[in-house]
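See below for upload28.csv, which holds CSV, C-alpha atoms.
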```csv
chain,number,residue,atom,x,y,z
A,1,MET,CA,-57.4,-12.0,-44.2
A,2,GLU,CA,-57.1,-13.1,-40.6
A,3,LEU,CA,-55.9,-10.7,-37.8
A,4,THR,CA,-55.1,-11.4,-34.2
A,5,PRO,CA,-56.8,-9.1,-31.7
A,6,GLN,CA,-53.4,-7.4,-31.3
A,7,GLN,CA,-53.1,-6.8,-35.0
A,8,LEU,CA,-56.7,-5.5,-35.2
A,9,LYS,CA,-55.8,-2.7,-32.8
A,10,ALA,CA,-53.7,-1.1,-35.5
A,11,TYR,CA,-56.9,-0.3,-37.4
A,12,ASP,CA,-58.5,1.9,-34.8
A,13,GLY,CA,-58.3,5.1,-36.9
A,14,SER,CA,-55.3,6.6,-35.3
A,15,ASP,CA,-53.2,6.1,-38.4
A,16,PRO,CA,-54.9,7.9,-41.3
A,17,SER,CA,-53.1,5.8,-43.9
A,18,LYS,CA,-54.9,2.6,-42.6
A,19,PRO,CA,-58.6,1.7,-42.9
A,20,ILE,CA,-60.7,1.5,-39.8
A,21,TYR,CA,-62.0,-1.9,-38.7
A,22,VAL,CA,-64.6,-3.0,-36.3
A,23,ALA,CA,-65.3,-6.7,-35.6
A,24,ILE,CA,-68.6,-8.4,-34.6
A,25,ARG,CA,-68.6,-12.0,-33.6
A,26,GLY,CA,-65.1,-12.4,-35.1
A,27,ARG,CA,-66.0,-11.0,-38.5
A,28,ILE,CA,-64.1,-7.8,-39.4
A,29,TYR,CA,-65.8,-5.0,-41.2
A,30,ASP,CA,-64.1,-2.1,-42.9
A,31,VAL,CA,-66.0,1.0,-41.4
A,32,THR,CA,-63.7,3.6,-43.0
A,33,SER,CA,-66.7,5.1,-44.9
A,34,GLY,CA,-68.1,5.8,-41.4
A,35,LYS,CA,-64.9,7.6,-40.3
A,36,SER,CA,-66.9,10.5,-38.7
A,37,PHE,CA,-68.4,7.8,-36.3
A,38,TYR,CA,-65.5,5.4,-35.9
A,39,GLY,CA,-62.5,7.6,-36.3
A,40,PRO,CA,-60.7,9.4,-33.5
A,41,GLY,CA,-63.2,11.6,-31.6
A,42,GLY,CA,-66.2,9.9,-33.3
A,43,SER,CA,-69.2,8.8,-31.2
A,44,TYR,CA,-68.3,5.1,-31.8
A,45,CYS,CA,-64.5,5.4,-31.8
A,46,VAL,CA,-64.4,3.1,-28.7
A,47,PHE,CA,-65.3,0.2,-31.0
A,48,SER,CA,-62.6,0.8,-33.6
A,49,GLY,CA,-59.8,-1.7,-33.9
A,50,LYS,CA,-61.7,-4.2,-31.6
A,51,ASP,CA,-64.3,-6.9,-31.6
A,52,ALA,CA,-67.2,-4.9,-30.1
A,53,SER,CA,-69.7,-7.8,-29.9
A,54,ARG,CA,-70.6,-7.5,-26.2
A,55,ALA,CA,-70.7,-3.7,-26.2
A,56,LEU,CA,-73.1,-3.6,-29.2
A,57,ALA,CA,-75.3,-6.3,-27.7
A,58,LYS,CA,-75.6,-4.2,-24.5
A,59,MET,CA,-75.8,-0.9,-26.3
A,60,SER,CA,-72.8,0.2,-24.2
A,61,LYS,CA,-69.9,2.4,-25.0
A,62,ASP,CA,-68.1,1.3,-21.8
A,63,GLU,CA,-64.5,0.3,-22.6
A,64,GLY,CA,-65.0,-2.8,-20.3
A,65,ASP,CA,-67.8,-4.1,-22.6
A,66,VAL,CA,-65.8,-3.7,-25.8
A,67,VAL,CA,-64.9,-7.4,-25.9
A,68,PRO,CA,-65.8,-10.4,-28.1
A,69,ASP,CA,-67.1,-12.4,-25.2
A,70,ILE,CA,-70.9,-12.8,-25.5
A,71,ASP,CA,-71.4,-15.4,-22.8
A,72,GLY,CA,-74.2,-14.6,-20.4
A,73,LEU,CA,-76.0,-12.1,-22.6
A,74,THR,CA,-79.8,-12.2,-22.4
A,75,GLU,CA,-81.9,-13.3,-25.3
A,76,LYS,CA,-82.8,-9.7,-25.9
A,77,GLU,CA,-79.1,-8.6,-26.0
A,78,ILE,CA,-78.4,-11.4,-28.5
A,79,GLY,CA,-81.2,-10.1,-30.7
A,80,VAL,CA,-79.8,-6.6,-30.5
A,81,LEU,CA,-76.4,-7.9,-31.5
A,82,ALA,CA,-78.0,-9.7,-34.5
A,83,ASP,CA,-79.6,-6.4,-35.5
A,84,TRP,CA,-76.2,-4.7,-35.4
A,85,GLU,CA,-74.7,-7.5,-37.5
A,86,LYS,CA,-77.4,-7.0,-40.1
A,87,LYS,CA,-76.8,-3.2,-40.2
A,88,PHE,CA,-73.0,-3.8,-40.6
A,89,GLN,CA,-73.5,-6.4,-43.3
A,90,ALA,CA,-75.7,-4.1,-45.3
A,91,LYS,CA,-73.4,-1.1,-44.9
A,92,TYR,CA,-69.8,-2.2,-44.7
A,93,PRO,CA,-67.6,-4.8,-46.5
A,94,VAL,CA,-66.3,-7.8,-44.6
A,95,VAL,CA,-62.6,-7.9,-44.9
A,96,GLY,CA,-61.6,-10.8,-42.7
A,97,THR,CA,-61.8,-12.6,-39.4
A,98,VAL,CA,-60.3,-12.3,-36.0
A,99,ALA,CA,-57.9,-15.2,-35.2
A,100,ASN,CA,-58.6,-17.2,-32.0
A,101,ASN,CA,-55.4,-16.9,-30.1
```
Take the structure in this file and express it as structure tokens.
Amino acid sequence: MELTPQQLKAYDGSDPSKPIYVAIRGRIYDVTSGKSFYGPGGSYCVFSGKDASRALAKMSKDEGDVVPDIDGLTEKEIGVLADWEKKFQAKYPVVGTVANN
């Protein structure tokens, strides 16, 4: 399955009939099993329905960082992002990719 960033927004947890998706480096994970974290009001809800690569790398929940762009990150931040990716791969199924507009 391939979703545009616009289509991905529909999977932010606001519609209880849809799964909740978070993307990292263009890979979409179904995080519905972590609804308490990623659903509305959850501590990581800012990432839902988006590619959160930059925010995860920077350990940031700032809306402005919740973007796929990882240009200019430090080596340490790239390492942090890789750690997040491993955690997601171990915990959540990959359901698709984000289309490059």
(request) Between atom CA of A:Val98 and atom CA of A:Ile28, measure the distance and give it in Å to one decimal. (result) 6.8 Å
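Minimum atom-to-atom distance to A:Asp30, evaluated using all atoms listed in the file, belongs to A:Ser48 out of A:Asn100, A:Ser43, A:Ser48, A:Ser14.
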(message) For stretch 76-85 of chain A, find every residue with an atom within 7 Å (counting all atoms listed in the file), except residues of its own chain fewer than 3 positions away, and show them as a ChimeraX atom specification.
(response) /A:24,53,56-58,73,88-89
(message) Excluding A:Tyr44 and its own-chain neighbours fewer than 2 positions away, which residues fall within 12 Å of it when counting only C-alpha atoms? Please give them as a list in words.
(response)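 So the residues in contact are Asp12, Gly13, Ile20, Tyr21, Val22, Val31, Gly34, Lys35, Ser36, Phe37, Tyr38, Gly39, Pro40, Gly41, Gly42, Val46, Phe47, Ser48, Gly49, Lys50, Ala52, Ala55, Leu56, Met59, Ser60, Lys61, Asp62, Glu63 and Val66 of chain A.
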(request) Grab the atom CA of A:Asp71 to atom CA of A:Ala23 distance for me, in Å with one decimal place. (result)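 Separation of atom CA of A:Asp71 and atom CA of A:Ala23: 16.6 Å.
Coordinates place atom CA of A:Gly72 at a distance of 28.8 Å from atom CA of A:Ala10.
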Quick one: axis-aligned box around all listed atoms of stretch 26-35 of chain A, 3 Å on every side, centre and edge lengths in Å to one decimal, written as AutoDock Vina command-line options.
```
--center_x -65.9 --center_y -2.4 --center_z -40.0 --size_x 10.4 --size_y 26.0 --size_z 15.8
```
Hey, could you patch up stretch 43-54 of chain A with all heavy atoms and hand it over as a PDB file, in the frame of the given file?
```
ATOM      1  N   SER A  43     -68.306   9.325 -32.310  1.00  0.00           N
ATOM      2  CA  SER A  43     -69.200   8.800 -31.200  1.00  0.00           C
ATOM      3  C   SER A  43     -69.013   7.316 -30.993  1.00  0.00           C
ATOM      4  O   SER A  43     -69.345   6.831 -29.911  1.00  0.00           O
ATOM      5  CB  SER A  43     -70.630   9.173 -31.511  1.00  0.00           C
ATOM      6  OG  SER A  43     -71.002   8.819 -32.823  1.00  0.00           O
ATOM      7  N   TYR A  44     -68.510   6.565 -31.975  1.00  0.00           N
ATOM      8  CA  TYR A  44     -68.300   5.100 -31.800  1.00  0.00           C
ATOM      9  C   TYR A  44     -66.839   4.727 -31.880  1.00  0.00           C
ATOM     10  O   TYR A  44     -66.523   3.563 -32.127  1.00  0.00           O
ATOM     11  CB  TYR A  44     -69.100   4.337 -32.852  1.00  0.00           C
ATOM     12  CG  TYR A  44     -70.585   4.534 -32.758  1.00  0.00           C
ATOM     13  CD1 TYR A  44     -71.296   5.061 -33.829  1.00  0.00           C
ATOM     14  CD2 TYR A  44     -71.289   4.209 -31.598  1.00  0.00           C
ATOM     15  CE1 TYR A  44     -72.662   5.257 -33.758  1.00  0.00           C
ATOM     16  CE2 TYR A  44     -72.651   4.399 -31.515  1.00  0.00           C
ATOM     17  CZ  TYR A  44     -73.340   4.927 -32.598  1.00  0.00           C
ATOM     18  OH  TYR A  44     -74.686   5.109 -32.517  1.00  0.00           O
ATOM     19  N   CYS A  45     -65.937   5.671 -31.664  1.00  0.00           N
ATOM     20  CA  CYS A  45     -64.500   5.400 -31.800  1.00  0.00           C
ATOM     21  C   CYS A  45     -64.032   4.304 -30.816  1.00  0.00           C
ATOM     22  O   CYS A  45     -63.053   3.611 -31.069  1.00  0.00           O
ATOM     23  CB  CYS A  45     -63.661   6.639 -31.675  1.00  0.00           C
ATOM     24  SG  CYS A  45     -63.706   7.398 -30.045  1.00  0.00           S
ATOM     25  N   VAL A  46     -64.753   4.125 -29.712  1.00  0.00           N
ATOM     26  CA  VAL A  46     -64.400   3.100 -28.700  1.00  0.00           C
ATOM     27  C   VAL A  46     -64.406   1.703 -29.297  1.00  0.00           C
ATOM     28  O   VAL A  46     -63.723   0.813 -28.816  1.00  0.00           O
ATOM     29  CB  VAL A  46     -65.269   3.246 -27.447  1.00  0.00           C
ATOM     30  CG1 VAL A  46     -66.693   2.806 -27.726  1.00  0.00           C
ATOM     31  CG2 VAL A  46     -64.705   2.472 -26.278  1.00  0.00           C
ATOM     32  N   PHE A  47     -65.181   1.498 -30.379  1.00  0.00           N
ATOM     33  CA  PHE A  47     -65.300   0.200 -31.000  1.00  0.00           C
ATOM     34  C   PHE A  47     -64.198  -0.113 -32.015  1.00  0.00           C
ATOM     35  O   PHE A  47     -63.973  -1.258 -32.381  1.00  0.00           O
ATOM     36  CB  PHE A  47     -66.645   0.025 -31.721  1.00  0.00           C
ATOM     37  CG  PHE A  47     -67.843   0.261 -30.862  1.00  0.00           C
ATOM     38  CD1 PHE A  47     -68.977   0.856 -31.389  1.00  0.00           C
ATOM     39  CD2 PHE A  47     -67.872  -0.112 -29.527  1.00  0.00           C
ATOM     40  CE1 PHE A  47     -70.115   1.076 -30.608  1.00  0.00           C
ATOM     41  CE2 PHE A  47     -68.994   0.098 -28.732  1.00  0.00           C
ATOM     42  CZ  PHE A  47     -70.121   0.696 -29.282  1.00  0.00           C
ATOM     43  N   SER A  48     -63.545   0.918 -32.502  1.00  0.00           N
ATOM     44  CA  SER A  48     -62.600   0.800 -33.600  1.00  0.00           C
ATOM     45  C   SER A  48     -61.352  -0.007 -33.221  1.00  0.00           C
ATOM     46  O   SER A  48     -60.797   0.186 -32.148  1.00  0.00           O
ATOM     47  CB  SER A  48     -62.206   2.155 -34.133  1.00  0.00           C
ATOM     48  OG  SER A  48     -63.362   2.818 -34.598  1.00  0.00           O
ATOM     49  N   GLY A  49     -60.961  -0.912 -34.114  1.00  0.00           N
ATOM     50  CA  GLY A  49     -59.800  -1.700 -33.900  1.00  0.00           C
ATOM     51  C   GLY A  49     -60.041  -2.859 -32.879  1.00  0.00           C
ATOM     52  O   GLY A  49     -59.107  -3.456 -32.367  1.00  0.00           O
ATOM     53  N   LYS A  50     -61.323  -3.160 -32.625  1.00  0.00           N
ATOM     54  CA  LYS A  50     -61.700  -4.200 -31.600  1.00  0.00           C
ATOM     55  C   LYS A  50     -62.851  -5.004 -32.094  1.00  0.00           C
ATOM     56  O   LYS A  50     -63.575  -4.609 -32.991  1.00  0.00           O
ATOM     57  CB  LYS A  50     -62.032  -3.530 -30.296  1.00  0.00           C
ATOM     58  CG  LYS A  50     -60.937  -2.687 -29.691  1.00  0.00           C
ATOM     59  CD  LYS A  50     -61.378  -2.131 -28.348  1.00  0.00           C
ATOM     60  CE  LYS A  50     -60.341  -1.174 -27.821  1.00  0.00           C
ATOM     61  NZ  LYS A  50     -60.801   0.197 -27.835  1.00  0.00           N
ATOM     62  N   ASP A  51     -63.065  -6.130 -31.424  1.00  0.00           N
ATOM     63  CA  ASP A  51     -64.300  -6.900 -31.600  1.00  0.00           C
ATOM     64  C   ASP A  51     -65.263  -6.313 -30.543  1.00  0.00           C
ATOM     65  O   ASP A  51     -65.043  -6.437 -29.344  1.00  0.00           O
ATOM     66  CB  ASP A  51     -64.085  -8.380 -31.352  1.00  0.00           C
ATOM     67  CG  ASP A  51     -65.332  -9.197 -31.680  1.00  0.00           C
ATOM     68  OD1 ASP A  51     -66.445  -8.783 -31.294  1.00  0.00           O
ATOM     69  OD2 ASP A  51     -65.194 -10.247 -32.330  1.00  0.00           O
ATOM     70  N   ALA A  52     -66.297  -5.650 -31.015  1.00  0.00           N
ATOM     71  CA  ALA A  52     -67.200  -4.900 -30.100  1.00  0.00           C
ATOM     72  C   ALA A  52     -68.519  -5.668 -29.869  1.00  0.00           C
ATOM     73  O   ALA A  52     -69.521  -5.061 -29.485  1.00  0.00           O
ATOM     74  CB  ALA A  52     -67.518  -3.552 -30.758  1.00  0.00           C
ATOM     75  N   SER A  53     -68.504  -6.986 -30.032  1.00  0.00           N
ATOM     76  CA  SER A  53     -69.700  -7.800 -29.900  1.00  0.00           C
ATOM     77  C   SER A  53     -70.528  -7.506 -28.648  1.00  0.00           C
ATOM     78  O   SER A  53     -71.719  -7.196 -28.692  1.00  0.00           O
ATOM     79  CB  SER A  53     -69.418  -9.273 -30.012  1.00  0.00           C
ATOM     80  OG  SER A  53     -68.815  -9.575 -31.248  1.00  0.00           O
ATOM     81  N   ARG A  54     -69.881  -7.644 -27.492  1.00  0.00           N
ATOM     82  CA  ARG A  54     -70.600  -7.500 -26.200  1.00  0.00           C
ATOM     83  C   ARG A  54     -71.138  -6.069 -26.049  1.00  0.00           C
ATOM     84  O   ARG A  54     -72.288  -5.876 -25.653  1.00  0.00           O
ATOM     85  CB  ARG A  54     -69.672  -7.849 -25.054  1.00  0.00           C
ATOM     86  CG  ARG A  54     -70.390  -7.852 -23.721  1.00  0.00           C
ATOM     87  CD  ARG A  54     -69.505  -8.365 -22.573  1.00  0.00           C
ATOM     88  NE  ARG A  54     -70.344  -8.799 -21.486  1.00  0.00           N
ATOM     89  CZ  ARG A  54     -70.932  -9.989 -21.401  1.00  0.00           C
ATOM     90  NH1 ARG A  54     -70.751 -10.886 -22.331  1.00  0.00           N
ATOM     91  NH2 ARG A  54     -71.696 -10.295 -20.379  1.00  0.00           N
TER      92      ARG A  54
END
```
